[in-house]
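Trainee: Got a structure here, written out as structure tokens. Questions coming.
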Amino acid sequence: MPRSKKRSSRGGQHGAVQPFSDEDASIETLSRCSSFSDAMSVAEEGGEAGEETAQEDLQYKLKVFIDSTVDKSAKTRQGALDGLKAAMATRILYEFISDRRMTITDSIERCLKKGKGPEQCAAASLACLLCIQLGSGVESEEVFKTLKPIFKNILLDGAANIQARQACATSLGLCTLVAEDDILDVYATMESFESLFMRSYVKEDGSRPSLNPQTTLLHTNALLSWALLLTICTGSQVKAVTHKHLPKLPRLLENDDVNMRIAAGETIALLFELARDMDPEFEYDDWEPLCDKLNSLATDCNKHRAKTDKRKQRSVFRDVLKAVEERDFQTETIRFSTERMTIDSWVRKRTYDAFREFVGSGMNYHLQANEFIRDVFQLGPPMLVDAATLKSMKISRFERASILTRLRTFLSLTN
């Protein structure tokens, strides 16, 4: 998948805002600042004047959050990190964030180093959202250069909080995809992930390692981030990785944890897709036993497993089996605003799932408005539609207000 160095889409011009001059924000202050829907309602109902007021209100709230990330209270810092995460997941804030990126980075660094598990998890997620906002370029590279060694230290430190290690495993993968500028450093990060998930491999004597659920989740996250970075590897690297790991990954399908089984299955499908893209005649020696195992998981009737786990597993492994056996992919169409995007490969699916994990319900908005994410999925520049078309569309008030704001900005620039 091509990696452009274009910056992500920029927000609108911001009005003047009074600086946050109060003493450290209290939990009550953060609670009042945590909702953004009121601002969007004002913007839609009050026209341009309402939009300007809402924009000023949003910026004030964001400044409160940024200042509160250094509060003495862990609860206040946690609330501030969560507030910034919610804003970045549902807004394009490029200009506001770009001017303050190192301040936010310093706060993330401090929270990762000195915070406890939940605070470290929130800081790790915020780092990803910051990179997604800045896009692939010098700005996100600066952020990542500061945070990468901290991520790796936590990830590989067996004495560190396990939830923090799990979060770093996921965040390091996406930040590397977005902001790493050296492919050799990508490979080095992949080796860090390998050093973890390989501990879940079956041992040479045929026995399976005994791991607790939290450690298995860490290995699962590491495997998924490793698979994400596979999507940007060179052909020679994919060939080397396939030779090293494809014989061992199928044994992870026997893991007791359903999420590890699913992660292993999807990674196997991804490896087959990448290998066949390079060599249409690619063959795997143990292809038939692998297909038998995948078929067993796709029709699993094990009474000792939870119904929801079995249902989820069957659905995924039906698709994985088709990929390995028939070279087929179950396409999925994502609709957003007036556009649609097709997930038509395992590479595209792994990339989409990785971004969606951080922006959540804001994914459709970022597909619509974030230039960087649109570039990743080759969607072209953000589209503009007229107000009449918007009115006839069944989309949320937030999407409608956002599109109208960009349309007015575009028209003012062209007049």
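Identifiers for the structure tokens are assigned positionally: chains receive A, B, ... in sequence, residues are indexed from 1 per chain, and ligands are indexed from 1 in the order shown.
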So that each row is one residue of region 168-233 of chain A with an atom at most 10 Å from region 269-288 of chain A, can you give its shortest atom pair and the distance in Å to one decimal, using only C-alpha atoms, rows by chain and rising number, as a Markdown table?

Mentor:
| residue | atom | partner | partner_atom | distance |
| --- | --- | --- | --- | --- |
| A:Ala227 | CA | A:Leu270 | CA | 7.7 |
| A:Leu228 | CA | A:Leu270 | CA | 9.5 |
| A:Leu230 | CA | A:Leu271 | CA | 8.4 |
| A:Thr231 | CA | A:Leu274 | CA | 8.1 |
| A:Cys233 | CA | A:Leu274 | CA | 9.8 |

Trainee: Ile132 (chain A): which residues within 12 Å, counting only C-alpha atoms, same-chain residues fewer than 2 positions away excluded, as a ChimeraX atom specification?

Mentor: /A:6-10,85,88-94,97-98,125-130,134-137,139-141,143-144,171,174-179,354-356,358-359,363,366-367,370-376

Trainee: Can you spit out the residues from that selection as a compact mmCIF listing (two decimals), in the first residue's frame, using N, CA and C atoms?

Mentor:
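What ended up in result-v6.txt:
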# COMPACT_ATOMS: atom_id res chain seq x y z
N LYS A 6 1.84 13.22 2.36
CA LYS A 6 0.93 14.35 2.46
C LYS A 6 0.43 14.50 3.88
N ARG A 7 0.19 15.74 4.27
CA ARG A 7 -0.36 15.98 5.59
C ARG A 7 -1.85 15.70 5.57
N SER A 8 -2.39 15.42 6.76
CA SER A 8 -3.83 15.19 6.85
C SER A 8 -4.56 16.50 6.69
N SER A 9 -5.88 16.40 6.50
CA SER A 9 -6.65 17.59 6.17
C SER A 9 -6.64 18.58 7.31
N ARG A 10 -6.65 19.85 6.94
CA ARG A 10 -6.57 20.91 7.92
C ARG A 10 -7.94 21.35 8.34
N LYS A 85 -8.70 12.50 23.36
CA LYS A 85 -8.95 11.35 22.48
C LYS A 85 -10.30 11.47 21.79
N MET A 88 -10.15 14.20 19.05
CA MET A 88 -9.36 13.83 17.87
C MET A 88 -10.00 12.71 17.07
N ALA A 89 -10.79 11.88 17.74
CA ALA A 89 -11.46 10.78 17.03
C ALA A 89 -12.63 11.27 16.21
N THR A 90 -13.19 12.45 16.55
CA THR A 90 -14.42 12.89 15.90
C THR A 90 -14.31 14.25 15.22
N ARG A 91 -13.11 14.81 15.15
CA ARG A 91 -12.89 16.12 14.52
C ARG A 91 -11.62 16.10 13.69
N ILE A 92 -11.52 16.99 12.73
CA ILE A 92 -10.25 17.27 12.07
C ILE A 92 -9.72 18.53 12.73
N LEU A 93 -8.62 18.40 13.44
CA LEU A 93 -8.09 19.50 14.27
C LEU A 93 -6.65 19.83 13.90
N TYR A 94 -6.32 19.68 12.62
CA TYR A 94 -4.92 19.76 12.20
C TYR A 94 -4.25 21.05 12.64
N ILE A 97 -3.85 21.37 16.48
CA ILE A 97 -2.93 20.38 17.02
C ILE A 97 -1.51 20.61 16.52
N SER A 98 -1.36 20.99 15.26
CA SER A 98 -0.03 21.20 14.69
C SER A 98 0.75 22.23 15.49
N SER A 125 -2.99 5.57 23.31
CA SER A 125 -4.02 5.76 22.29
C SER A 125 -3.99 7.19 21.74
N LEU A 126 -3.79 8.16 22.63
CA LEU A 126 -3.74 9.56 22.20
C LEU A 126 -2.58 9.78 21.24
N ALA A 127 -1.46 9.11 21.46
CA ALA A 127 -0.32 9.23 20.55
C ALA A 127 -0.70 8.83 19.13
N CYS A 128 -1.47 7.75 19.01
CA CYS A 128 -1.92 7.30 17.69
C CYS A 128 -2.84 8.32 17.04
N LEU A 129 -3.79 8.83 17.80
CA LEU A 129 -4.72 9.81 17.26
C LEU A 129 -4.01 11.09 16.85
N LEU A 130 -2.98 11.46 17.61
CA LEU A 130 -2.18 12.64 17.24
C LEU A 130 -1.50 12.41 15.89
N LEU A 134 -2.04 14.44 12.30
CA LEU A 134 -0.93 15.12 11.63
C LEU A 134 -0.63 14.50 10.27
N GLY A 135 -0.97 13.24 10.10
CA GLY A 135 -0.71 12.58 8.83
C GLY A 135 0.73 12.11 8.73
N SER A 136 1.09 11.58 7.57
CA SER A 136 2.41 11.02 7.36
C SER A 136 3.34 12.09 6.84
N GLY A 137 4.23 12.58 7.68
CA GLY A 137 5.14 13.65 7.29
C GLY A 137 6.05 14.04 8.44
N GLU A 139 5.97 16.33 10.72
CA GLU A 139 5.39 16.61 12.03
C GLU A 139 5.15 15.34 12.85
N SER A 140 4.52 14.34 12.23
CA SER A 140 4.27 13.09 12.95
C SER A 140 5.57 12.33 13.20
N GLU A 141 6.55 12.49 12.29
CA GLU A 141 7.85 11.86 12.50
C GLU A 141 8.53 12.41 13.75
N VAL A 143 7.00 13.66 16.39
CA VAL A 143 6.25 13.10 17.52
C VAL A 143 6.71 11.67 17.80
N PHE A 144 6.77 10.88 16.76
CA PHE A 144 7.09 9.46 16.91
C PHE A 144 8.54 9.25 17.35
N SER A 171 -0.52 0.53 19.80
CA SER A 171 -0.22 1.90 19.38
C SER A 171 1.10 1.99 18.61
N LEU A 174 0.51 1.08 14.83
CA LEU A 174 -0.11 2.09 13.96
C LEU A 174 0.76 3.34 13.83
N CYS A 175 1.39 3.77 14.92
CA CYS A 175 2.28 4.93 14.83
C CYS A 175 3.43 4.66 13.86
N THR A 176 3.94 3.44 13.87
CA THR A 176 5.00 3.07 12.93
C THR A 176 4.50 3.15 11.50
N LEU A 177 3.30 2.63 11.25
CA LEU A 177 2.72 2.69 9.92
C LEU A 177 2.59 4.12 9.43
N VAL A 178 2.15 5.01 10.31
CA VAL A 178 1.89 6.39 9.93
C VAL A 178 3.17 7.22 9.84
N ALA A 179 4.04 7.08 10.84
CA ALA A 179 5.09 8.08 11.03
C ALA A 179 6.53 7.60 10.83
N ALA A 354 -7.18 -1.48 11.86
CA ALA A 354 -6.21 -0.81 12.74
C ALA A 354 -6.61 0.64 12.99
N PHE A 355 -6.99 1.35 11.95
CA PHE A 355 -7.41 2.75 12.13
C PHE A 355 -8.72 2.82 12.93
N ARG A 356 -9.64 1.92 12.61
CA ARG A 356 -10.94 1.97 13.27
C ARG A 356 -10.83 1.69 14.77
N PHE A 358 -8.85 2.93 16.75
CA PHE A 358 -8.55 4.16 17.49
C PHE A 358 -9.61 5.24 17.29
N VAL A 359 -10.15 5.37 16.10
CA VAL A 359 -11.15 6.44 15.89
C VAL A 359 -12.56 5.96 16.13
N MET A 363 -14.80 6.75 12.42
CA MET A 363 -14.09 6.28 11.22
C MET A 363 -14.71 6.82 9.95
N HIS A 366 -13.63 10.35 9.40
CA HIS A 366 -12.24 10.47 8.95
C HIS A 366 -12.08 9.99 7.51
N LEU A 367 -12.83 8.97 7.12
CA LEU A 367 -12.80 8.55 5.71
C LEU A 367 -13.29 9.68 4.81
N ASN A 370 -10.56 13.31 6.45
CA ASN A 370 -9.14 13.28 6.77
C ASN A 370 -8.33 12.95 5.51
N GLU A 371 -7.57 13.92 5.02
CA GLU A 371 -6.85 13.74 3.76
C GLU A 371 -5.85 12.59 3.84
N PHE A 372 -5.21 12.43 5.00
CA PHE A 372 -4.23 11.36 5.15
C PHE A 372 -4.88 9.99 5.02
N ILE A 373 -5.96 9.77 5.77
CA ILE A 373 -6.64 8.47 5.71
C ILE A 373 -7.23 8.24 4.32
N ARG A 374 -7.74 9.29 3.70
CA ARG A 374 -8.24 9.14 2.33
C ARG A 374 -7.12 8.75 1.39
N ASP A 375 -5.93 9.28 1.62
CA ASP A 375 -4.79 8.93 0.78
C ASP A 375 -4.38 7.48 0.99
N VAL A 376 -4.41 7.02 2.24
CA VAL A 376 -4.07 5.63 2.54
C VAL A 376 -4.98 4.68 1.77

Trainee: Which residues, written as a list in words, have at least one atom at most 9 Å from Ile66 (chain A), with only C-alpha atoms counted and residues fewer than 6 positions away on the same chain left out?

Mentor: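 Once the adjacent positions are removed, what remains is Ala80, Leu81, Leu84, Thr103, Ile104 and Ser107 of chain A.
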
Trainee: List as a JSON list (two decimals) with all heavy atoms, in the first residue's frame the protein and nucleic acid residues near Thr342 (chain A), meaning an atom at most 8 Å away when only C-alpha atoms are counted, but skip any in the same chain fewer than 6 places from it.

Mentor:
[["chain", "number", "residue", "atom", "x", "y", "z"],
["A", 331, "THR", "N", -15.81, -9.44, 0.15],
["A", 331, "THR", "CA", -15.73, -7.98, 0.12],
["A", 331, "THR", "C", -16.78, -7.34, 1.03],
["A", 331, "THR", "O", -17.85, -7.91, 1.28],
["A", 331, "THR", "CB", -15.93, -7.43, -1.31],
["A", 331, "THR", "OG1", -17.22, -7.85, -1.79],
["A", 331, "THR", "CG2", -14.85, -7.94, -2.24],
["A", 332, "GLU", "N", -16.45, -6.17, 1.52],
["A", 332, "GLU", "CA", -17.34, -5.40, 2.39],
["A", 332, "GLU", "C", -17.36, -3.96, 1.90],
["A", 332, "GLU", "O", -16.32, -3.39, 1.58],
["A", 332, "GLU", "CB", -16.84, -5.46, 3.84],
["A", 332, "GLU", "CG", -17.67, -4.65, 4.81],
["A", 332, "GLU", "CD", -17.10, -4.64, 6.22],
["A", 332, "GLU", "OE1", -16.05, -5.29, 6.43],
["A", 332, "GLU", "OE2", -17.68, -3.98, 7.09],
["A", 333, "THR", "N", -18.54, -3.37, 1.84],
["A", 333, "THR", "CA", -18.67, -1.98, 1.39],
["A", 333, "THR", "C", -18.91, -1.07, 2.59],
["A", 333, "THR", "O", -19.82, -1.30, 3.38],
["A", 333, "THR", "CB", -19.82, -1.84, 0.39],
["A", 333, "THR", "OG1", -19.56, -2.66, -0.75],
["A", 333, "THR", "CG2", -19.95, -0.38, -0.07],
["A", 334, "ILE", "N", -18.07, -0.04, 2.71],
["A", 334, "ILE", "CA", -18.21, 0.95, 3.76],
["A", 334, "ILE", "C", -18.82, 2.20, 3.15],
["A", 334, "ILE", "O", -18.25, 2.78, 2.21],
["A", 334, "ILE", "CB", -16.85, 1.29, 4.40],
["A", 334, "ILE", "CG1", -16.09, 0.03, 4.80],
["A", 334, "ILE", "CG2", -17.03, 2.25, 5.58],
["A", 334, "ILE", "CD1", -16.77, -0.79, 5.85]]

Trainee: In Å, how far is it from CA of Glu119 (chain A) to CA of Gln78 (chain A)?

Mentor: 5.5 Å

Trainee: Could you find all residues in region 228-406 of chain A that DSSP calls strand (DSSP E) from the backbone, and write them as a PyMOL selection string?

Mentor: chain A and resi 332-336+339-343

Trainee: Tell me which protein, DNA and RNA residues are within 10 Å of region 297-311 of chain A, counting only C-alpha atoms, leaving out same-chain ones fewer than 4 positions away, and put them as a list in words.

Mentor: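 Returned residues: Leu253, Glu254, Asp256, Asp257, Val258, Asn259, Arg261, Ile262, Gly265, Cys291, Asp292, Lys293, Ser315, Val316, Phe317, Arg318, Asp319, Val320 and Leu321 of chain A.
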
Trainee: Could you jot down the CA of Glu194 (chain A) to CA of Gly173 (chain A) separation for me, Å, one decimal place?

Mentor: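 Between CA of Glu194 (chain A) and CA of Gly173 (chain A) the gap works out to 12.1 Å.
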
Trainee: Between CA of Ser195 (chain A) and CA of Ile108 (chain A), what is the spacing in Å?

Mentor: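 Straight-line distance from CA of Ile108 (chain A) to CA of Ser195 (chain A) works out to 25.5 Å.
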
Trainee: For region 158-162 of chain A, work out the shell of residues within 8 Å, counting only C-alpha atoms and skipping chain neighbours fewer than 6 positions away, then give it as a ChimeraX atom specification.

Mentor: /A:116-117,214-215,218

Trainee: Using only C-alpha atoms, please write the residues we just selected to a file, as a tab-separated table (two decimals), in the first residue's frame.

Mentor:
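In the end it all went to out-v4.tsv:
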chain	number	residue	atom	x	y	z
A	116	LYS	CA	-0.21	3.91	36.01
A	117	GLY	CA	-1.90	1.35	33.73
A	214	GLN	CA	-3.36	-11.10	29.93
A	215	THR	CA	-0.07	-12.30	28.45
A	218	LEU	CA	-0.30	-8.96	24.78

Trainee: Looking at A:Leu294, A:Ile232, A:Asp57, A:Leu211, which one is nearest to Arg251 (chain A), with distances taken over only C-alpha atoms?

Mentor: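 With only C-alpha atoms as the atom set, the closest residue is A:Leu294.
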
Trainee: Which one is closest to Pro118 (chain A): A:Ala164, A:Ala188, A:Met260, A:Ala323? Count only C-alpha atoms.

Mentor: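 The closest residue to Pro118 (chain A) is A:Ala164.
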